[in-house]
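Undergrad: What follows is a structure written as structure tokens; I'll ask about it next.
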Amino acid sequence: MRTAEILVSQEETERQERFTEMIRTLPHRPHYYHVVTYGCQMNAHDSEKIAGMLDRMGMEPSTVREEADFVIFNTCCVRENAERRALGNVTWLKEVRKSKPDMIIAVCGCMIQEPGMAETILKQYKFVNLAFGTSNLHKLPELLYETLDSGMQHVCVEDKDVIAEGLPVRRLRQDAAYLTIMYGCDNFCSFCIVPYVRGRERSRDMKAILYEAEGLAKSGVKEIMLLGQNVNSYGKGLPDHPTFASLLRELDGIGIPRIRFMTSHPKDLSDELIEVMSSSRHILPQFHLPVQSGNDEILKKMNRHYTREQYLDRVRKLREAIPGIGLSTDIIVSFPGETDEQFEDTMSLVKEVRYDSAFTFIYSPRTGTKAARMEGLIPDEVSTDRIQRLIALQESLQQETLKRFIGQEEEILVEGLSRRSKLAVSGKGRHGISVTVDGNEADIGRILPCRITGLKNNTLMGERI
Ligand code: SF4
């Protein structure tokens with residue numbers, strides 16, 4: 001797909017601006033909004049855009065859900081229990097509305113994009129005023145106007161992969177910002193629903209990304225997090241086929257002090273990317289590289305397109321080029337049919353790689369995916385035993401791997417006061433590990449150089465230098 005074909009047109013953008021103005025002048029428009037966010041950073045950033053659009057409509061954020069006139073749930077559907085939780089919270093709000101009848105309830109995000117969900121909302125959740133999918137985010141002004149004007153339920157799920165440039169954003173943090181570089185995913189890992197709900201891969205034009213990054217740099221942002229379901233395949237389908245590495249090289253030249261990215265697929269991690277990272281000034285020495293399993297047969301059933309050895313080769317290359325790099329991963333245990341021996345392969349891979357952190361999950365079937373139709377579900381007690389062993393192993397190794405930072409100098413971007421002490425602040429170091437140092441509120445948003453002095457649980461302790 002060519003970018004020009006999927007870009008939201010200028011006419012459409014102007015149309016939405018007109019609806020934004022029309023809502024501002026509506027006498028019965030909502031005044032306070034509250035956004036509830038589930039799921040990943042992509043969703044968190046979508047919520048920032050929703051808040052930005054609502055600000056333009058003249059509304060203000062409310063920190064208390066029950067006090068808002070417009071409550072919008074930005075949902076995730078990666079795990080079925082997260083979906084159930086979201087729907088439970090939406091239903092709870094129906095009760096709250098009995099004493100606040102003008103409240104508008106909206107549901108958006110990945111869950112709405114699932115096959116059959118629009119019908120479910122229409123039939124079983126009639127009290128929801130407005131529902132729309134991820135591809136319709138930019139149409140919020142029009143959809144909300146129609147909902148307010150007609151008093152009818154609106155459900156909009158257009159099966160269209162689009163890119164909407166220039167949406168307003170209310171950032172959660174002033175010192176750090178998300179920057180989406182691509183949308184969707186073409187990988188179809190057999191356990192994952194994302195390609196079905198977020199659509200096919202489509203990359204933003206490099207000039208648009210650089211323009212946004214320059215704006216963020218001018219506004220004083222110290223760290224950007226590049227977002228995409230598979231950032232390593234950035235550029236596919238764009239004219240001239242730019243690579244993710246070439247994008248990073250350009251971004252590195254802008255001068256934002258810290259650049260991070262999320263998420264990567266091991267099969268697309270190129271030598272060129274490793275080279276750019278190792279020679280850059282601002283790309284942080286950290287890498288989230290989901291492995292999912294240490295066994296080739298399971299990796300094949302997961303449709304991951306790499307073997308254990310190919311994965312380990314990428315890890316070796318990263319460590320040779322960027323000594324001390326922070327490595328993290330995602331792991332699923334008890335994928336359908338996983339034998340004890342296959343699980344032991346995952347354990348041995350974890351021992352070999354020695355990650356700084358790992359997100360571990362017991363496999364749970366996701367309706368609509370290929371894996372959900374596979375045979376060989378693993379009994380709960382076996383899965384519980386496996387995950388407990390894996391977590392124990394990771395925790396013991398993590399204690400060892402993090403000790404390599406003791407005595408070293410680090411730089412942290414302070415996120416807030418430490419939960420441990422009012423005389424300390426915490427933030428992420430360059431390697432992606434949380435660090436606590438002495439400090440106070442005035443340090444929030446600053447980059448502090450420090451020396452690591454110790455380790456408490458999985459947090460590094462440091463002192464300012
Ligand atoms: S790479 Fe695989 S796990 Fe990641 S979003 Fe795409 S399909 Fe899902």
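FYI, nothing fancy with the structure tokens labels: chains A, B, ... in order, residues from 1 per chain, ligands from 1 as they appear.
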Ligand 1: which residues are within 6 Å, counting only C-alpha atoms and all ligand atoms? Reply as a ChimeraX atom specification.

TA: /A:185,187-189,192,194-195,229-230,265

Undergrad: Selected residues, all heavy atoms, written as a CSV table (one decimal), in the first residue's frame, please.

TA:
```csv
chain,number,residue,atom,x,y,z
A,185,CYS,N,0.5,-4.7,11.9
A,185,CYS,CA,1.5,-5.8,11.9
A,185,CYS,C,1.1,-6.8,10.8
A,185,CYS,O,0.0,-7.1,10.6
A,185,CYS,CB,1.5,-6.4,13.3
A,185,CYS,SG,2.7,-7.7,13.3
A,187,ASN,N,2.8,-9.8,10.7
A,187,ASN,CA,3.5,-11.1,11.1
A,187,ASN,C,2.6,-12.3,11.4
A,187,ASN,O,3.0,-13.4,11.3
A,187,ASN,CB,4.5,-10.8,12.3
A,187,ASN,CG,5.7,-10.0,11.8
A,187,ASN,OD1,6.2,-10.3,10.8
A,187,ASN,ND2,6.0,-9.0,12.5
A,188,PHE,N,1.4,-12.0,11.9
A,188,PHE,CA,0.5,-13.1,12.2
A,188,PHE,C,1.1,-14.2,13.1
A,188,PHE,O,1.1,-15.4,12.7
A,188,PHE,CB,-0.1,-13.7,10.9
A,188,PHE,CG,-1.0,-12.7,10.3
A,188,PHE,CD1,-0.6,-11.8,9.3
A,188,PHE,CD2,-2.4,-12.6,10.6
A,188,PHE,CE1,-1.4,-10.9,8.7
A,188,PHE,CE2,-3.2,-11.7,10.0
A,188,PHE,CZ,-2.7,-10.8,9.0
A,189,CYS,N,1.8,-13.8,14.2
A,189,CYS,CA,2.2,-14.8,15.1
A,189,CYS,C,0.9,-15.6,15.5
A,189,CYS,O,-0.2,-14.9,15.7
A,189,CYS,CB,2.8,-14.2,16.4
A,189,CYS,SG,4.3,-13.2,15.9
A,192,CYS,N,-1.5,-14.3,18.4
A,192,CYS,CA,-1.7,-12.8,18.6
A,192,CYS,C,-2.8,-12.3,17.7
A,192,CYS,O,-3.0,-12.6,16.5
A,192,CYS,CB,-0.4,-12.1,18.2
A,192,CYS,SG,-0.5,-10.3,18.4
A,194,VAL,N,-3.4,-9.0,17.3
A,194,VAL,CA,-3.1,-7.6,16.8
A,194,VAL,C,-3.2,-7.4,15.3
A,194,VAL,O,-3.9,-6.5,14.9
A,194,VAL,CB,-1.7,-7.2,17.3
A,194,VAL,CG1,-1.2,-5.9,16.5
A,194,VAL,CG2,-1.7,-6.9,18.8
A,195,PRO,N,-2.7,-8.3,14.4
A,195,PRO,CA,-2.9,-8.0,13.0
A,195,PRO,C,-4.3,-8.0,12.5
A,195,PRO,O,-4.7,-7.3,11.6
A,195,PRO,CB,-2.1,-9.2,12.3
A,195,PRO,CG,-1.2,-9.7,13.3
A,195,PRO,CD,-1.9,-9.5,14.6
A,229,GLN,N,4.2,-1.8,16.2
A,229,GLN,CA,4.1,-3.2,16.6
A,229,GLN,C,5.3,-3.9,16.2
A,229,GLN,O,5.7,-4.9,16.8
A,229,GLN,CB,2.9,-3.8,15.9
A,229,GLN,CG,1.5,-3.1,16.2
A,229,GLN,CD,1.1,-3.2,17.6
A,229,GLN,OE1,1.7,-4.0,18.4
A,229,GLN,NE2,0.1,-2.4,18.0
A,230,ASN,N,6.0,-3.5,15.2
A,230,ASN,CA,7.2,-4.1,14.7
A,230,ASN,C,8.1,-3.0,14.1
A,230,ASN,O,8.2,-3.0,12.9
A,230,ASN,CB,6.9,-5.2,13.8
A,230,ASN,CG,8.1,-5.9,13.2
A,230,ASN,OD1,9.2,-5.8,13.8
A,230,ASN,ND2,8.0,-6.6,12.2
A,265,HIS,N,10.9,-7.2,16.3
A,265,HIS,CA,10.8,-8.6,16.0
A,265,HIS,C,12.2,-9.1,15.7
A,265,HIS,O,12.9,-8.5,14.8
A,265,HIS,CB,9.8,-8.8,14.8
A,265,HIS,CG,9.4,-10.2,14.7
A,265,HIS,ND1,10.3,-11.3,14.5
A,265,HIS,CD2,8.2,-10.8,14.7
A,265,HIS,CE1,9.6,-12.4,14.4
A,265,HIS,NE2,8.3,-12.1,14.6
```

Undergrad: Taking a cut-off of 9 Å and counting only C-alpha atoms, can you build a table that, for each residue of segment 239-274 of chain A near segment 287-307 of chain A, reports the nearest atom pair and how far apart they are in Å (one decimal), sorted by chain then residue number, as JSON lines?

TA:
```
{"residue": "A:Arg260", "atom": "CA", "partner": "A:Phe287", "partner_atom": "CA", "distance": 8.5}
{"residue": "A:Phe261", "atom": "CA", "partner": "A:Phe287", "partner_atom": "CA", "distance": 8.0}
{"residue": "A:Met262", "atom": "CA", "partner": "A:His288", "partner_atom": "CA", "distance": 6.9}
{"residue": "A:Thr263", "atom": "CA", "partner": "A:His288", "partner_atom": "CA", "distance": 6.6}
{"residue": "A:Ser264", "atom": "CA", "partner": "A:Leu289", "partner_atom": "CA", "distance": 5.8}
{"residue": "A:His265", "atom": "CA", "partner": "A:Leu289", "partner_atom": "CA", "distance": 6.6}
{"residue": "A:Pro266", "atom": "CA", "partner": "A:Leu289", "partner_atom": "CA", "distance": 6.3}
{"residue": "A:Lys267", "atom": "CA", "partner": "A:Tyr306", "partner_atom": "CA", "distance": 5.9}
```

Undergrad: For the residues in that selection, give me N, CA, C and O atoms as a PDB file, in the first residue's frame.

TA:
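Dumped to selection_3.pdb:
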```pdb
ATOM      1  N   ARG A 260      14.447   5.939  22.419  1.00  0.00           N
ATOM      2  CA  ARG A 260      14.173   4.515  22.679  1.00  0.00           C
ATOM      3  C   ARG A 260      13.155   4.048  21.635  1.00  0.00           C
ATOM      4  O   ARG A 260      12.519   4.867  20.975  1.00  0.00           O
ATOM      5  N   PHE A 261      12.951   2.739  21.534  1.00  0.00           N
ATOM      6  CA  PHE A 261      11.936   2.241  20.599  1.00  0.00           C
ATOM      7  C   PHE A 261      11.357   0.934  21.095  1.00  0.00           C
ATOM      8  O   PHE A 261      11.942   0.234  21.910  1.00  0.00           O
ATOM      9  N   MET A 262      10.178   0.621  20.563  1.00  0.00           N
ATOM     10  CA  MET A 262       9.409  -0.522  21.030  1.00  0.00           C
ATOM     11  C   MET A 262       8.357  -0.843  19.978  1.00  0.00           C
ATOM     12  O   MET A 262       7.685   0.086  19.536  1.00  0.00           O
ATOM     13  N   THR A 263       8.086  -2.023  19.515  1.00  0.00           N
ATOM     14  CA  THR A 263       8.686  -3.299  19.876  1.00  0.00           C
ATOM     15  C   THR A 263       9.410  -3.848  18.656  1.00  0.00           C
ATOM     16  O   THR A 263       9.055  -3.497  17.534  1.00  0.00           O
ATOM     17  N   SER A 264      10.314  -4.761  18.864  1.00  0.00           N
ATOM     18  CA  SER A 264      11.113  -5.299  17.769  1.00  0.00           C
ATOM     19  C   SER A 264      10.800  -6.761  17.538  1.00  0.00           C
ATOM     20  O   SER A 264      10.509  -7.491  18.487  1.00  0.00           O
ATOM     21  N   HIS A 265      10.894  -7.168  16.293  1.00  0.00           N
ATOM     22  CA  HIS A 265      10.781  -8.599  15.994  1.00  0.00           C
ATOM     23  C   HIS A 265      12.177  -9.114  15.669  1.00  0.00           C
ATOM     24  O   HIS A 265      12.857  -8.550  14.805  1.00  0.00           O
ATOM     25  N   PRO A 266      12.633 -10.192  16.325  1.00  0.00           N
ATOM     26  CA  PRO A 266      14.009 -10.671  16.109  1.00  0.00           C
ATOM     27  C   PRO A 266      14.331 -10.946  14.643  1.00  0.00           C
ATOM     28  O   PRO A 266      15.454 -10.726  14.199  1.00  0.00           O
ATOM     29  N   LYS A 267      13.338 -11.401  13.874  1.00  0.00           N
ATOM     30  CA  LYS A 267      13.648 -11.753  12.470  1.00  0.00           C
ATOM     31  C   LYS A 267      14.016 -10.518  11.637  1.00  0.00           C
ATOM     32  O   LYS A 267      14.639 -10.626  10.602  1.00  0.00           O
TER      33      LYS A 267
END
```

Undergrad: Tell me, as JSON, numbers by chain, which residues lie within 12 Å of Gly253 of chain A, counting only C-alpha atoms; anything in the same chain fewer than 6 positions away does not count.

TA: {"A": [210, 213, 214, 217, 246, 247, 259, 276, 279, 280, 281, 282, 283]}

Undergrad: Point out the residue among A:Leu137, A:Cys450, A:Leu349, A:Ile6 with the least atom-to-atom distance to Asn43 of chain A, counting only C-alpha atoms.

TA: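 Looking only at the distances to Asn43 of chain A, the closest residue turns out to be A:Leu137.
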
Undergrad: If we count only C-alpha atoms, what is near Ala86 of chain A at a cut-off of 10 Å, once residues fewer than 3 positions away on the same chain are taken out, given as a PyMOL selection string?

TA: chain A and resi 36-38+73-77+80-83+89-92+107+111

Undergrad: Suppose we keep N, CA and C atoms; can you now write the selection as an mmCIF file, in the first residue's frame?

TA:
```cif
data_model
loop_
_atom_site.group_PDB
_atom_site.id
_atom_site.type_symbol
_atom_site.label_atom_id
_atom_site.label_comp_id
_atom_site.auth_asym_id
_atom_site.auth_seq_id
_atom_site.Cartn_x
_atom_site.Cartn_y
_atom_site.Cartn_z
ATOM 1 N N VAL A 36 -10.013 6.331 30.035
ATOM 2 C CA VAL A 36 -9.509 5.128 30.716
ATOM 3 C C VAL A 36 -8.720 4.327 29.678
ATOM 4 N N THR A 37 -7.467 4.036 29.982
ATOM 5 C CA THR A 37 -6.615 3.371 28.983
ATOM 6 C C THR A 37 -6.225 1.969 29.427
ATOM 7 N N TYR A 38 -6.358 1.024 28.541
ATOM 8 C CA TYR A 38 -5.893 -0.348 28.775
ATOM 9 C C TYR A 38 -4.795 -0.654 27.760
ATOM 10 N N PHE A 73 -13.477 4.743 27.143
ATOM 11 C CA PHE A 73 -12.628 3.589 27.452
ATOM 12 C C PHE A 73 -11.838 3.226 26.199
ATOM 13 N N ASN A 74 -10.527 3.356 26.283
ATOM 14 C CA ASN A 74 -9.672 2.986 25.150
ATOM 15 C C ASN A 74 -9.149 1.568 25.427
ATOM 16 N N THR A 75 -9.740 0.604 24.753
ATOM 17 C CA THR A 75 -9.575 -0.795 25.162
ATOM 18 C C THR A 75 -8.444 -1.529 24.432
ATOM 19 N N CYS A 76 -8.074 -2.675 25.040
ATOM 20 C CA CYS A 76 -7.054 -3.571 24.481
ATOM 21 C C CYS A 76 -7.710 -4.943 24.358
ATOM 22 N N CYS A 77 -7.318 -5.721 23.360
ATOM 23 C CA CYS A 77 -7.943 -7.039 23.253
ATOM 24 C C CYS A 77 -6.888 -8.140 23.178
ATOM 25 N N GLU A 80 -7.860 -11.996 26.722
ATOM 26 C CA GLU A 80 -9.304 -12.016 26.895
ATOM 27 C C GLU A 80 -9.727 -11.503 28.262
ATOM 28 N N ASN A 81 -8.877 -11.736 29.297
ATOM 29 C CA ASN A 81 -9.315 -11.258 30.616
ATOM 30 C C ASN A 81 -9.259 -9.734 30.721
ATOM 31 N N ALA A 82 -8.329 -9.098 29.962
ATOM 32 C CA ALA A 82 -8.277 -7.620 29.947
ATOM 33 C C ALA A 82 -9.548 -7.086 29.314
ATOM 34 N N GLU A 83 -10.027 -7.810 28.321
ATOM 35 C CA GLU A 83 -11.253 -7.411 27.637
ATOM 36 C C GLU A 83 -12.457 -7.518 28.582
ATOM 37 N N ASN A 89 -15.941 -2.761 33.647
ATOM 38 C CA ASN A 89 -15.869 -1.362 34.071
ATOM 39 C C ASN A 89 -16.844 -0.475 33.305
ATOM 40 N N VAL A 90 -17.052 -0.797 32.037
ATOM 41 C CA VAL A 90 -18.021 -0.041 31.236
ATOM 42 C C VAL A 90 -19.417 -0.255 31.832
ATOM 43 N N THR A 91 -19.719 -1.504 32.168
ATOM 44 C CA THR A 91 -21.039 -1.824 32.724
ATOM 45 C C THR A 91 -21.250 -1.149 34.076
ATOM 46 N N TRP A 92 -20.195 -1.076 34.866
ATOM 47 C CA TRP A 92 -20.289 -0.419 36.171
ATOM 48 C C TRP A 92 -20.700 1.048 36.008
ATOM 49 N N VAL A 107 -16.667 3.798 23.949
ATOM 50 C CA VAL A 107 -15.675 2.714 23.973
ATOM 51 C C VAL A 107 -14.955 2.726 22.631
ATOM 52 N N MET A 111 -10.413 -3.504 20.931
ATOM 53 C CA MET A 111 -11.522 -4.422 21.201
ATOM 54 C C MET A 111 -12.682 -4.192 20.225
#
```

Undergrad: What's around Gly429 of chain A at 7 Å? Count only C-alpha atoms, leave out sequence neighbours fewer than 2 positions away in its own chain, and write the answer as number ranges by chain.

TA: A: 410-413, 427, 431-435

Undergrad: Might you pull out every residue within 8 Å of Phe19 of chain A, with only C-alpha atoms counted and same-chain residues fewer than 4 positions away left off, and present them as a ChimeraX atom specification?

TA: /A:15,23,141-142,145

Undergrad: Could you tell me, as JSON, numbers by chain, which residues of segment 96-291 of chain A DSSP assigns to helix (DSSP H, G or I) when given the backbone?

TA: {"A": [96, 97, 98, 99, 110, 111, 112, 113, 117, 118, 119, 120, 121, 122, 123, 124, 134, 135, 136, 137, 138, 139, 140, 141, 142, 143, 144, 145, 146, 147, 148, 149, 150, 194, 195, 196, 197, 198, 206, 207, 208, 209, 210, 211, 212, 213, 214, 215, 216, 217, 218, 231, 232, 233, 244, 245, 246, 247, 248, 249, 250, 251, 252, 253, 254, 266, 267, 268, 271, 272, 273, 274, 275, 276, 277, 278, 279]}

Undergrad: Nearest to Pro285 of chain A: which of A:Leu148, A:Ile163, A:Arg430, A:Lys98 is it, counting only C-alpha atoms?

TA: A:Arg430

Undergrad: My list of candidates is A:Val315, A:Val221, A:Ala392, A:Leu269. Which is closest to Leu179 of chain A when distances are computed with only C-alpha atoms?

TA: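 Between A:Val315, A:Val221, A:Ala392, A:Leu269, the residue approaching Leu179 of chain A most closely is A:Val221.
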
Undergrad: May I have all residues of segment 254-414 of chain A that DSSP, computed from the backbone, assigns to strand (DSSP E or B), given as an MDAnalysis selection string?

TA: chainID A and resid 258:262 283 286:288 292 326:333 357:362 409:414

Undergrad: Quick one: write out the picked residues with C-alpha atoms as a PDB file, in the first residue's frame?

TA:
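Contents of result.pdb, freshly written:
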```pdb
ATOM      1  CA  ARG A 258      17.499  10.014  24.500  1.00  0.00           C
ATOM      2  CA  ILE A 259      15.836   7.837  21.857  1.00  0.00           C
ATOM      3  CA  ARG A 260      14.173   4.515  22.679  1.00  0.00           C
ATOM      4  CA  PHE A 261      11.936   2.241  20.599  1.00  0.00           C
ATOM      5  CA  MET A 262       9.409  -0.522  21.030  1.00  0.00           C
ATOM      6  CA  ILE A 283      19.955   5.961  20.847  1.00  0.00           C
ATOM      7  CA  GLN A 286      18.796  -1.069  25.430  1.00  0.00           C
ATOM      8  CA  PHE A 287      16.771  -3.533  23.406  1.00  0.00           C
ATOM      9  CA  HIS A 288      13.454  -5.238  24.015  1.00  0.00           C
ATOM     10  CA  GLN A 292       8.567 -16.084  23.298  1.00  0.00           C
ATOM     11  CA  GLY A 326      20.260  -3.702  28.483  1.00  0.00           C
ATOM     12  CA  LEU A 327      18.233  -6.644  27.166  1.00  0.00           C
ATOM     13  CA  SER A 328      14.636  -7.491  27.972  1.00  0.00           C
ATOM     14  CA  THR A 329      12.162  -9.960  26.509  1.00  0.00           C
ATOM     15  CA  ASP A 330       8.670 -11.485  26.480  1.00  0.00           C
ATOM     16  CA  ILE A 331       8.148 -15.198  27.091  1.00  0.00           C
ATOM     17  CA  ILE A 332       5.061 -17.398  26.803  1.00  0.00           C
ATOM     18  CA  VAL A 333       5.015 -20.708  28.657  1.00  0.00           C
ATOM     19  CA  SER A 357      14.147  -8.175  32.713  1.00  0.00           C
ATOM     20  CA  ALA A 358      11.514 -10.473  31.256  1.00  0.00           C
ATOM     21  CA  PHE A 359       7.747 -10.282  30.921  1.00  0.00           C
ATOM     22  CA  THR A 360       6.480 -13.811  31.392  1.00  0.00           C
ATOM     23  CA  PHE A 361       3.016 -15.109  30.589  1.00  0.00           C
ATOM     24  CA  ILE A 362       1.105 -18.371  30.699  1.00  0.00           C
ATOM     25  CA  GLU A 409      28.221   5.899  36.071  1.00  0.00           C
ATOM     26  CA  GLU A 410      24.652   6.205  34.740  1.00  0.00           C
ATOM     27  CA  GLU A 411      22.320   8.968  33.680  1.00  0.00           C
ATOM     28  CA  ILE A 412      18.689   8.890  34.659  1.00  0.00           C
ATOM     29  CA  LEU A 413      15.731  10.847  33.367  1.00  0.00           C
ATOM     30  CA  VAL A 414      13.836  11.551  36.574  1.00  0.00           C
TER      31      VAL A 414
END
```

Undergrad: Could you tell me which of A:Val437, A:Val155, A:Leu390, A:Met42 comes closest to Met225 of chain A if we count only C-alpha atoms?

TA: A:Met42
